[in-house]
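Source file my_file02.txt; content: compact mmCIF, C-alpha atoms.
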```txt
# COMPACT_ATOMS: atom_id res chain seq x y z
CA MET A 8 75.88 51.93 -46.18
CA PRO A 9 73.39 49.13 -46.96
CA ASP A 10 74.77 45.63 -47.42
CA PRO A 11 75.27 45.10 -51.19
CA GLY A 12 74.54 41.41 -50.70
CA TYR A 13 76.03 38.35 -52.32
CA ARG A 14 79.00 38.90 -54.64
CA GLY A 15 80.11 35.31 -55.20
CA PRO A 16 79.81 33.12 -58.31
CA VAL A 17 76.43 32.95 -60.06
CA ILE A 18 74.77 30.16 -62.03
CA ASP A 19 71.85 31.21 -64.21
CA ALA A 20 69.51 28.21 -64.01
CA HIS A 21 66.95 29.42 -66.55
CA HIS A 22 67.61 31.39 -69.72
CA HIS A 23 66.94 30.97 -73.41
CA LEU A 24 69.03 31.11 -76.56
CA TRP A 25 67.65 31.27 -80.07
CA ASP A 26 68.63 31.97 -83.65
CA LEU A 27 65.60 32.95 -85.68
CA SER A 28 67.22 32.55 -89.09
CA ASP A 29 66.03 28.93 -89.40
CA ASP A 30 62.43 29.79 -88.47
CA ARG A 31 62.18 26.98 -85.90
CA TYR A 32 60.26 28.92 -83.23
CA PRO A 33 56.64 29.37 -84.40
CA TRP A 34 55.75 31.78 -81.57
CA LEU A 35 58.62 34.11 -82.49
CA ARG A 36 57.64 34.60 -86.13
CA PRO A 37 57.12 38.28 -87.09
CA ASP A 38 53.40 37.86 -87.77
CA VAL A 39 52.58 35.74 -84.68
CA LEU A 40 51.55 36.76 -81.17
CA VAL A 41 50.38 33.96 -78.90
CA PRO A 42 48.79 34.59 -75.48
CA HIS A 43 51.62 35.38 -73.05
CA ARG A 44 51.61 36.29 -69.37
CA TYR A 45 53.76 39.33 -70.17
CA GLY A 46 51.41 40.54 -72.91
CA ASP A 47 53.00 41.77 -76.14
CA TYR A 48 56.43 40.13 -76.37
CA THR A 49 57.40 41.55 -79.77
CA ALA A 50 60.52 43.06 -78.19
CA VAL A 51 62.14 39.60 -77.85
CA LYS A 52 61.73 38.65 -81.51
CA HIS A 53 65.41 38.88 -82.28
CA ASP A 54 68.35 36.49 -82.16
CA TYR A 55 69.68 35.83 -78.67
CA ARG A 56 73.01 34.05 -78.71
CA PRO A 57 75.63 33.23 -76.07
CA GLU A 58 77.47 36.47 -76.73
CA ASP A 59 74.28 38.40 -76.04
CA LEU A 60 73.76 36.71 -72.69
CA LEU A 61 77.41 37.20 -71.74
CA ARG A 62 77.17 40.87 -72.65
CA ASP A 63 74.00 41.28 -70.59
CA ALA A 64 75.63 39.54 -67.63
CA ALA A 65 78.86 41.58 -67.73
CA GLY A 66 80.28 42.15 -64.27
CA GLN A 67 77.93 39.70 -62.53
CA HIS A 68 80.39 36.84 -61.89
CA LEU A 69 78.40 34.43 -64.06
CA VAL A 70 80.24 31.09 -64.09
CA ALA A 71 77.73 28.68 -65.67
CA THR A 72 74.29 28.63 -67.27
CA VAL A 73 71.35 26.33 -67.98
CA THR A 74 69.17 26.85 -71.05
CA MET A 75 65.46 26.17 -71.09
CA GLU A 76 63.74 24.80 -74.19
CA ALA A 77 61.98 27.61 -76.03
CA GLU A 78 59.05 26.06 -77.90
CA TRP A 79 61.16 24.89 -80.84
CA ASP A 80 59.18 23.17 -83.60
CA PRO A 81 57.70 20.12 -81.80
CA GLU A 82 58.02 18.05 -84.96
CA ASP A 83 61.78 18.02 -84.32
CA PRO A 84 62.20 18.21 -80.53
CA VAL A 85 65.85 17.11 -80.53
CA GLY A 86 66.78 19.73 -83.14
CA GLU A 87 67.02 22.41 -80.48
CA THR A 88 69.27 20.19 -78.38
CA ARG A 89 71.66 19.81 -81.29
CA PHE A 90 71.59 23.56 -81.90
CA LEU A 91 72.42 24.28 -78.25
CA GLU A 92 75.22 21.72 -78.27
CA ARG A 93 76.81 23.61 -81.15
CA THR A 94 76.57 26.91 -79.28
CA ALA A 95 78.05 25.32 -76.16
CA SER A 96 80.94 23.87 -78.12
CA ALA A 97 81.78 27.29 -79.50
CA SER A 98 81.18 29.43 -76.42
CA GLY A 99 80.79 27.38 -73.24
CA VAL A 100 77.14 28.47 -73.03
CA PRO A 101 75.04 26.64 -72.01
CA GLY A 102 76.68 24.28 -69.55
CA ALA A 103 73.52 22.17 -69.22
CA MET A 104 70.06 22.23 -70.72
CA ALA A 105 66.39 21.47 -70.20
CA ALA A 106 65.07 19.91 -73.40
CA GLN A 107 61.70 19.46 -75.06
CA ALA A 108 59.57 16.31 -75.19
CA ARG A 109 55.81 15.90 -75.49
CA LEU A 110 55.07 13.41 -72.75
CA ASP A 111 51.75 12.33 -74.28
CA ALA A 112 53.14 11.84 -77.80
CA GLU A 113 53.21 8.41 -79.39
CA ASP A 114 56.99 8.57 -79.81
CA VAL A 115 57.75 9.86 -76.32
CA ALA A 116 59.90 6.84 -75.41
CA GLU A 117 62.13 7.34 -78.43
CA VAL A 118 62.36 11.12 -77.94
CA LEU A 119 63.28 10.81 -74.27
CA ALA A 120 65.92 8.20 -75.05
CA GLU A 121 67.46 10.43 -77.68
CA GLN A 122 67.35 13.53 -75.49
CA ALA A 123 68.95 11.62 -72.62
CA SER A 124 71.76 10.47 -74.93
CA HIS A 125 73.00 14.05 -75.14
CA PRO A 126 75.40 14.62 -72.21
CA SER A 127 74.21 18.16 -71.41
CA VAL A 128 70.50 17.33 -71.09
CA ARG A 129 69.37 17.22 -67.48
CA SER A 130 65.60 17.66 -67.69
CA ILE A 131 62.49 17.87 -69.82
CA ARG A 132 59.81 20.51 -70.05
CA HIS A 133 56.30 19.98 -71.37
CA LYS A 134 53.87 22.62 -70.17
CA PRO A 135 50.83 20.77 -68.80
CA GLY A 136 48.16 23.26 -69.90
CA GLY A 137 44.92 23.38 -67.93
CA PRO A 138 43.25 26.45 -66.42
CA ALA A 139 45.23 29.49 -67.58
CA ARG A 140 43.32 32.01 -65.46
CA LEU A 141 42.21 31.85 -61.86
CA GLU A 142 38.57 32.23 -62.83
CA GLN A 143 38.89 29.04 -64.90
CA VAL A 144 39.89 26.87 -61.94
CA GLY A 145 37.41 24.03 -61.59
CA SER A 146 36.77 23.82 -65.33
CA GLY A 147 39.19 20.92 -65.71
CA ARG A 148 42.55 19.58 -64.66
CA THR A 149 45.88 19.72 -66.44
CA ARG A 150 47.75 17.01 -68.32
CA MET A 151 49.34 16.13 -64.97
CA SER A 152 46.20 14.06 -64.28
CA ASP A 153 46.01 12.48 -67.73
CA PRO A 154 46.97 8.76 -67.74
CA ARG A 155 48.72 8.91 -71.11
CA TRP A 156 50.76 11.98 -70.11
CA ARG A 157 51.62 10.34 -66.78
CA ALA A 158 52.83 7.23 -68.59
CA GLY A 159 55.30 9.41 -70.47
CA TYR A 160 56.25 11.19 -67.26
CA ALA A 161 57.04 7.86 -65.62
CA LEU A 162 59.72 7.27 -68.25
CA LEU A 163 61.76 10.26 -67.04
CA ALA A 164 63.11 8.26 -64.10
CA THR A 165 64.36 5.55 -66.48
CA HIS A 166 66.74 8.11 -67.96
CA GLY A 167 67.53 10.01 -64.75
CA LEU A 168 65.84 13.14 -66.09
CA HIS A 169 64.21 15.87 -64.02
CA PHE A 170 60.88 17.47 -64.92
CA GLU A 171 60.58 21.22 -65.49
CA LEU A 172 57.11 22.33 -64.39
CA GLN A 173 55.77 25.61 -65.73
CA THR A 174 52.21 26.11 -64.61
CA PRO A 175 50.29 28.83 -62.74
CA TRP A 176 50.28 28.53 -58.96
CA TRP A 177 46.67 27.35 -58.77
CA ASN A 178 47.77 24.08 -60.40
CA LEU A 179 50.52 23.38 -57.86
CA HIS A 180 48.23 21.27 -55.67
CA GLU A 181 47.86 18.94 -58.65
CA ALA A 182 51.64 19.03 -59.11
CA ALA A 183 52.05 17.96 -55.49
CA GLU A 184 49.98 14.85 -56.26
CA LEU A 185 52.20 14.12 -59.26
CA ALA A 186 55.40 14.54 -57.23
CA ALA A 187 54.04 12.30 -54.47
CA ASP A 188 53.12 9.58 -56.95
CA HIS A 189 56.59 9.70 -58.57
CA PRO A 190 59.07 10.35 -55.76
CA GLU A 191 61.96 9.14 -57.91
CA THR A 192 61.65 12.14 -60.27
CA LEU A 193 62.80 15.63 -59.28
CA VAL A 194 60.28 18.35 -60.12
CA VAL A 195 61.72 21.81 -60.81
CA VAL A 196 59.01 24.47 -60.44
CA ASN A 197 59.72 27.17 -63.01
CA HIS A 198 59.14 30.86 -62.42
CA ALA A 199 58.23 30.51 -58.74
CA GLY A 200 54.87 29.03 -59.72
CA VAL A 201 53.94 31.80 -62.20
CA LEU A 202 52.60 34.60 -60.02
CA LEU A 203 50.72 36.82 -62.47
CA ASP A 204 50.26 39.84 -60.20
CA HIS A 205 51.12 41.06 -56.69
CA ARG A 206 47.65 41.73 -55.27
CA SER A 207 47.38 40.62 -51.65
CA GLU A 208 44.74 38.00 -52.40
CA THR A 209 46.83 36.59 -55.24
CA VAL A 210 49.95 36.34 -53.09
CA ALA A 211 47.95 34.68 -50.31
CA GLY A 212 46.63 32.00 -52.67
CA TRP A 213 50.06 31.54 -54.22
CA ARG A 214 51.67 31.15 -50.78
CA ASP A 215 49.22 28.40 -49.86
CA ALA A 216 49.91 26.54 -53.10
CA VAL A 217 53.68 26.91 -52.77
CA THR A 218 53.58 25.70 -49.18
CA THR A 219 51.72 22.57 -50.29
CA VAL A 220 54.12 21.59 -53.06
CA ALA A 221 57.19 22.46 -50.95
CA GLN A 222 56.27 19.65 -48.55
CA LEU A 223 57.39 17.15 -51.21
CA PRO A 224 61.14 16.54 -50.84
CA ASN A 225 61.54 15.87 -54.56
CA VAL A 226 60.47 19.41 -55.52
CA VAL A 227 62.75 22.42 -55.97
CA VAL A 228 61.92 25.89 -57.30
CA LYS A 229 63.40 28.64 -59.44
CA ALA A 230 63.31 32.28 -58.38
CA SER A 231 62.84 33.21 -62.02
CA GLY A 232 60.23 34.81 -64.25
CA LEU A 233 59.24 37.18 -61.43
CA CYS A 234 58.20 40.04 -63.69
CA THR A 235 54.53 40.80 -64.27
CA GLU A 236 52.85 42.54 -67.18
CA ASP A 237 51.72 45.41 -64.92
CA ASP A 238 54.71 45.80 -62.59
CA GLY A 239 57.64 44.64 -64.70
CA TRP A 240 60.61 43.82 -62.46
CA ASP A 241 59.84 45.17 -58.98
CA PRO A 242 62.20 44.07 -56.18
CA VAL A 243 59.96 45.67 -53.55
CA ALA A 244 56.90 43.72 -54.70
CA ASN A 245 58.98 40.55 -55.10
CA ARG A 246 60.60 40.68 -51.68
CA GLU A 247 57.75 38.73 -50.06
CA VAL A 248 57.70 36.28 -52.97
CA VAL A 249 61.41 35.43 -52.84
CA ARG A 250 61.54 35.31 -49.05
CA THR A 251 58.52 32.99 -49.03
CA LEU A 252 60.31 30.63 -51.43
CA VAL A 253 63.34 30.50 -49.15
CA SER A 254 61.30 30.03 -45.97
CA THR A 255 59.07 27.29 -47.41
CA PHE A 256 61.57 25.33 -49.53
CA GLY A 257 64.80 26.21 -47.76
CA ALA A 258 67.61 27.98 -49.58
CA ASP A 259 69.09 24.66 -50.71
CA ARG A 260 65.98 24.06 -52.86
CA VAL A 261 65.78 27.54 -54.44
CA MET A 262 67.83 28.74 -57.42
CA PHE A 263 68.20 31.91 -59.45
CA GLY A 264 67.15 32.07 -63.10
CA SER A 265 67.16 35.20 -65.25
CA ASN A 266 64.63 34.11 -67.88
CA PHE A 267 66.54 36.30 -70.31
CA PRO A 268 65.94 37.55 -72.90
CA VAL A 269 62.23 37.49 -72.02
CA ASP A 270 62.55 39.27 -68.67
CA GLY A 271 64.98 41.63 -70.37
CA MET A 272 61.87 43.39 -71.69
CA PHE A 273 61.53 44.86 -68.20
CA THR A 274 64.97 45.11 -66.63
CA THR A 275 68.70 44.69 -67.05
CA TYR A 276 70.58 41.63 -65.89
CA ALA A 277 72.48 43.68 -63.33
CA ALA A 278 69.34 45.33 -61.94
CA MET A 279 67.63 41.95 -61.58
CA LEU A 280 70.56 40.44 -59.71
CA ASP A 281 71.04 43.52 -57.55
CA GLY A 282 67.37 43.40 -56.61
CA LEU A 283 67.62 39.74 -55.62
CA ARG A 284 70.85 40.41 -53.74
CA SER A 285 69.15 43.13 -51.72
CA ILE A 286 66.19 40.86 -50.94
CA LEU A 287 68.47 38.13 -49.60
CA ALA A 288 71.27 40.28 -48.13
CA ASP A 289 70.45 39.60 -44.46
CA LEU A 290 70.40 35.81 -44.86
CA PRO A 291 73.41 33.69 -43.88
CA ASP A 292 76.15 33.64 -46.51
CA ALA A 293 75.58 29.93 -47.15
CA ASP A 294 71.90 30.54 -47.92
CA GLN A 295 72.72 33.33 -50.36
CA ARG A 296 75.29 31.18 -52.10
CA ALA A 297 72.77 28.34 -52.32
CA VAL A 298 70.22 30.49 -54.16
CA PHE A 299 72.72 32.08 -56.53
CA HIS A 300 74.97 29.09 -57.14
CA ASP A 301 74.94 25.90 -55.08
CA THR A 302 71.39 24.65 -55.67
CA ALA A 303 71.68 24.97 -59.44
CA ASP A 304 75.14 23.42 -59.31
CA ARG A 305 73.77 20.38 -57.49
CA VAL A 306 70.61 20.00 -59.60
CA TYR A 307 72.08 20.64 -63.09
CA ARG A 308 75.84 20.02 -62.74
CA PRO A 309 76.54 22.53 -65.52
CA ALA A 310 79.90 22.78 -67.21
CA ARG A 311 81.65 26.05 -66.43
CA ILE A 312 82.04 28.92 -68.86
CA PRO A 313 85.72 29.02 -69.81
CA GLU A 314 87.58 31.63 -67.77
CA GLU A 315 88.51 33.64 -70.84
CA ARG A 316 84.87 33.97 -71.89
CA ARG A 317 83.30 34.84 -68.56
CA PRO A 318 81.59 38.23 -68.47
```
Taking this structure as input, can you express it in the form of structure tokens?
Amino acid sequence: MPDPGYRGPVIDAHHHLWDLSDDRYPWLRPDVLVPHRYGDYTAVKHDYRPEDLLRDAAGQHLVATVTMEAEWDPEDPVGETRFLERTASASGVPGAMAAQARLDAEDVAEVLAEQASHPSVRSIRHKPGGPARLEQVGSGRTRMSDPRWRAGYALLATHGLHFELQTPWWNLHEAAELAADHPETLVVVNHAGVLLDHRSETVAGWRDAVTTVAQLPNVVVKASGLCTEDDGWDPVANREVVRTLVSTFGADRVMFGSNFPVDGMFTTYAAMLDGLRSILADLPDADQRAVFHDTADRVYRPARIPEERRP
């Protein structure tokens, strides 16, 4: 029989939670569809609470989680942090969080200080924009090269905060420059560098970009958001992607993230994990544990889900 792969404890290093009753997520309003790499995302316009995640992850040995900011109303960036603290107090989910801050905003210093004052906040995400399609490369750079944005970025180290980078792979060379200029700040590459399709020429370009940014010791990466609009969740197509992450970064700099409920449009939690387990099954046990647990544990130090609540 084939090796079922890793069956130890799992930390989900990238998922979302939201309650739409307060109308704090503009992109999730019933009458709104913003451009999204997965196309029409109407299917995720529903509340997603800790109990929903725990139900989805039933039987998967999930022991801790990390929430990612979800484009909460930017006029109140700390509001989402307070909301997630309330959910954690009641359920044990999340155990740590990546919060929102606009690094080029006039009040960035105050926002970062307030975010950092919340014990569960480990990092900040502000998507840097820039070329959103490969054919647009060369038309301009991202905020990562903007002096005002970089001034805000430099404040992260003051508070011991990591930076969550979500940008398409063709911007990773620019991210490598940012990481080199600020070695004191850990960069967490979200969604494996946002690979939008699995064509051979796309994967080749992505591999080159990933190899460049992986040379910086202060960069780690999430094996998350690996679905595509055309292929959904495809463990066969993603085998090369995940194995490339491990070979370029090393297993101790790669971590699993479900990106639920968004990736739940394409797959179940169990099918996603089983696919990743099969991809990594022939690696040493320590490497498998690093991807599914140890890297996220080291980077985020999440509080554990209480035993009685674990799925």
List as number ranges by chain the protein and nucleic acid residues near segment 170-172 of chain A, meaning an atom at most 8 Å away when all atoms listed in the file are counted, but skip any in the same chain fewer than 3 places from it. A: 105, 130-135, 163, 192-197
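Here atom CA of Glu191 of chain A is placed at a distance of 19.1 Å from atom CA of Val261 of chain A.
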Option closest in space to Met75 of chain A, from A:Ala97, A:Val269, A:Leu141, A:Leu35 [counting all atoms listed in the file]: A:Val269
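Distances to Arg250 of chain A were evaluated for A:Ser265, A:Lys52, A:Val220, A:Asp289 using all atoms listed in the file, and the minimum falls at A:Asp289.
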Give me the residues of segment 249-274 of chain A that have any atom at most 12 Å from an atom of segment 43-46 of chain A; for each, the nearest atom pair and the distance in Å, rounded to one decimal. Use all atoms listed in the file, sort by chain and number, and format it as a tab-separated table.
```
residue	atom	partner	partner_atom	distance
A:Val269	CA	A:Tyr45	CA	8.9
A:Asp270	CA	A:Tyr45	CA	8.9
A:Gly271	CA	A:Tyr45	CA	11.5
A:Met272	CA	A:Tyr45	CA	9.2
A:Phe273	CA	A:Tyr45	CA	9.7
```
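The two atoms in question, atom CA of Asp204 of chain A and atom CA of Tyr307 of chain A, are spaced 29.2 Å apart.
The coordinates place atom CA of Ala186 of chain A at 22.6 Å from atom CA of Val73 of chain A.
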List the neighbours of Arg155 of chain A out to 8 Å using only C-alpha atoms; skip same-chain residues closer than 2 positions along the sequence, and give me the result as a PDB file with C-alpha atoms, keeping the file's coordinate frame.
```
ATOM      1  CA  LEU A 110      55.070  13.410 -72.750  1.00  0.00           C
ATOM      2  CA  ASP A 111      51.750  12.330 -74.280  1.00  0.00           C
ATOM      3  CA  ASP A 153      46.010  12.480 -67.730  1.00  0.00           C
ATOM      4  CA  ARG A 157      51.620  10.340 -66.780  1.00  0.00           C
ATOM      5  CA  ALA A 158      52.830   7.230 -68.590  1.00  0.00           C
ATOM      6  CA  GLY A 159      55.300   9.410 -70.470  1.00  0.00           C
TER       7      GLY A 159
END
```
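Closest approach to Met104 of chain A among A:Glu181, A:Asp281, A:Asp38, A:Glu87: A:Glu87, based on only C-alpha atoms.
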Skipping near chain neighbours, those fewer than 4 positions away, what residues fall within 8 Å of His198 of chain A using only C-alpha atoms, listed as an MDAnalysis selection string? chainID A and resid 173 202 228:233
Got a moment to write segment 293-304 of chain A out with all heavy atoms, as a tab-separated table (two decimals), in the first residue's frame?
```tsv
chain	number	residue	atom	x	y	z
A	293	ALA	N	11.35	14.26	9.82
A	293	ALA	CA	11.58	15.60	10.38
A	293	ALA	C	11.20	16.69	9.38
A	293	ALA	O	10.70	17.75	9.78
A	293	ALA	CB	13.04	15.75	10.79
A	294	ASP	N	11.44	16.45	8.09
A	294	ASP	CA	11.07	17.44	7.08
A	294	ASP	C	9.56	17.55	6.96
A	294	ASP	O	9.00	18.65	6.81
A	294	ASP	CB	11.67	17.06	5.73
A	294	ASP	CG	13.17	17.32	5.65
A	294	ASP	OD1	13.72	17.85	6.64
A	294	ASP	OD2	13.78	16.98	4.63
A	295	GLN	N	8.87	16.42	7.00
A	295	GLN	CA	7.41	16.46	6.92
A	295	GLN	C	6.83	17.20	8.13
A	295	GLN	O	5.93	18.03	7.98
A	295	GLN	CB	6.85	15.04	6.85
A	295	GLN	CG	7.24	14.29	5.57
A	295	GLN	CD	6.64	12.91	5.51
A	295	GLN	OE1	5.42	12.75	5.59
A	295	GLN	NE2	7.48	11.90	5.38
A	296	ARG	N	7.36	16.90	9.29
A	296	ARG	CA	6.87	17.58	10.49
A	296	ARG	C	7.15	19.08	10.43
A	296	ARG	O	6.34	19.89	10.90
A	296	ARG	CB	7.48	16.97	11.75
A	296	ARG	CG	6.93	17.58	13.04
A	296	ARG	CD	7.52	16.97	14.29
A	296	ARG	NE	7.10	17.73	15.46
A	296	ARG	CZ	6.13	17.39	16.29
A	296	ARG	NH1	5.45	16.27	16.10
A	296	ARG	NH2	5.83	18.14	17.33
A	297	ALA	N	8.28	19.46	9.85
A	297	ALA	CA	8.59	20.88	9.72
A	297	ALA	C	7.53	21.59	8.90
A	297	ALA	O	7.01	22.65	9.29
A	297	ALA	CB	9.97	21.06	9.08
A	298	VAL	N	7.17	21.04	7.75
A	298	VAL	CA	6.20	21.68	6.87
A	298	VAL	C	4.82	21.76	7.51
A	298	VAL	O	4.14	22.79	7.42
A	298	VAL	CB	6.12	20.94	5.52
A	298	VAL	CG1	5.00	21.50	4.65
A	298	VAL	CG2	7.46	21.03	4.78
A	299	PHE	N	4.41	20.69	8.17
A	299	PHE	CA	3.06	20.64	8.72
A	299	PHE	C	2.93	21.24	10.12
A	299	PHE	O	1.82	21.53	10.55
A	299	PHE	CB	2.55	19.20	8.74
A	299	PHE	CG	2.21	18.67	7.37
A	299	PHE	CD1	3.01	17.70	6.79
A	299	PHE	CD2	1.12	19.14	6.67
A	299	PHE	CE1	2.71	17.20	5.52
A	299	PHE	CE2	0.82	18.66	5.40
A	299	PHE	CZ	1.62	17.68	4.83
A	300	HIS	N	4.07	21.43	10.81
A	300	HIS	CA	3.96	21.88	12.18
A	300	HIS	C	5.09	22.78	12.64
A	300	HIS	O	4.89	23.91	13.08
A	300	HIS	CB	3.87	20.65	13.12
A	300	HIS	CG	3.78	21.00	14.56
A	300	HIS	ND1	4.90	21.26	15.35
A	300	HIS	CD2	2.71	21.13	15.40
A	300	HIS	CE1	4.52	21.54	16.58
A	300	HIS	NE2	3.21	21.47	16.65
A	301	ASP	N	6.33	22.31	12.55
A	301	ASP	CA	7.43	22.95	13.27
A	301	ASP	C	7.78	24.34	12.76
A	301	ASP	O	8.09	25.23	13.56
A	301	ASP	CB	8.68	22.06	13.22
A	301	ASP	CG	8.52	20.79	14.06
A	301	ASP	OD1	7.48	20.64	14.73
A	301	ASP	OD2	9.43	19.95	14.01
A	302	THR	N	7.75	24.55	11.45
A	302	THR	CA	8.09	25.87	10.93
A	302	THR	C	7.10	26.92	11.42
A	302	THR	O	7.48	27.99	11.91
A	302	THR	CB	8.14	25.87	9.40
A	302	THR	OG1	9.08	24.89	8.95
A	302	THR	CG2	8.56	27.24	8.87
A	303	ALA	N	5.81	26.62	11.30
A	303	ALA	CA	4.79	27.56	11.76
A	303	ALA	C	4.87	27.76	13.27
A	303	ALA	O	4.66	28.87	13.77
A	303	ALA	CB	3.40	27.04	11.39
A	304	ASP	N	5.21	26.70	14.00
A	304	ASP	CA	5.34	26.82	15.45
A	304	ASP	C	6.46	27.78	15.81
A	304	ASP	O	6.32	28.61	16.72
A	304	ASP	CB	5.60	25.43	16.04
A	304	ASP	CG	5.36	25.38	17.53
A	304	ASP	OD1	4.47	26.10	18.03
A	304	ASP	OD2	6.08	24.62	18.21
```
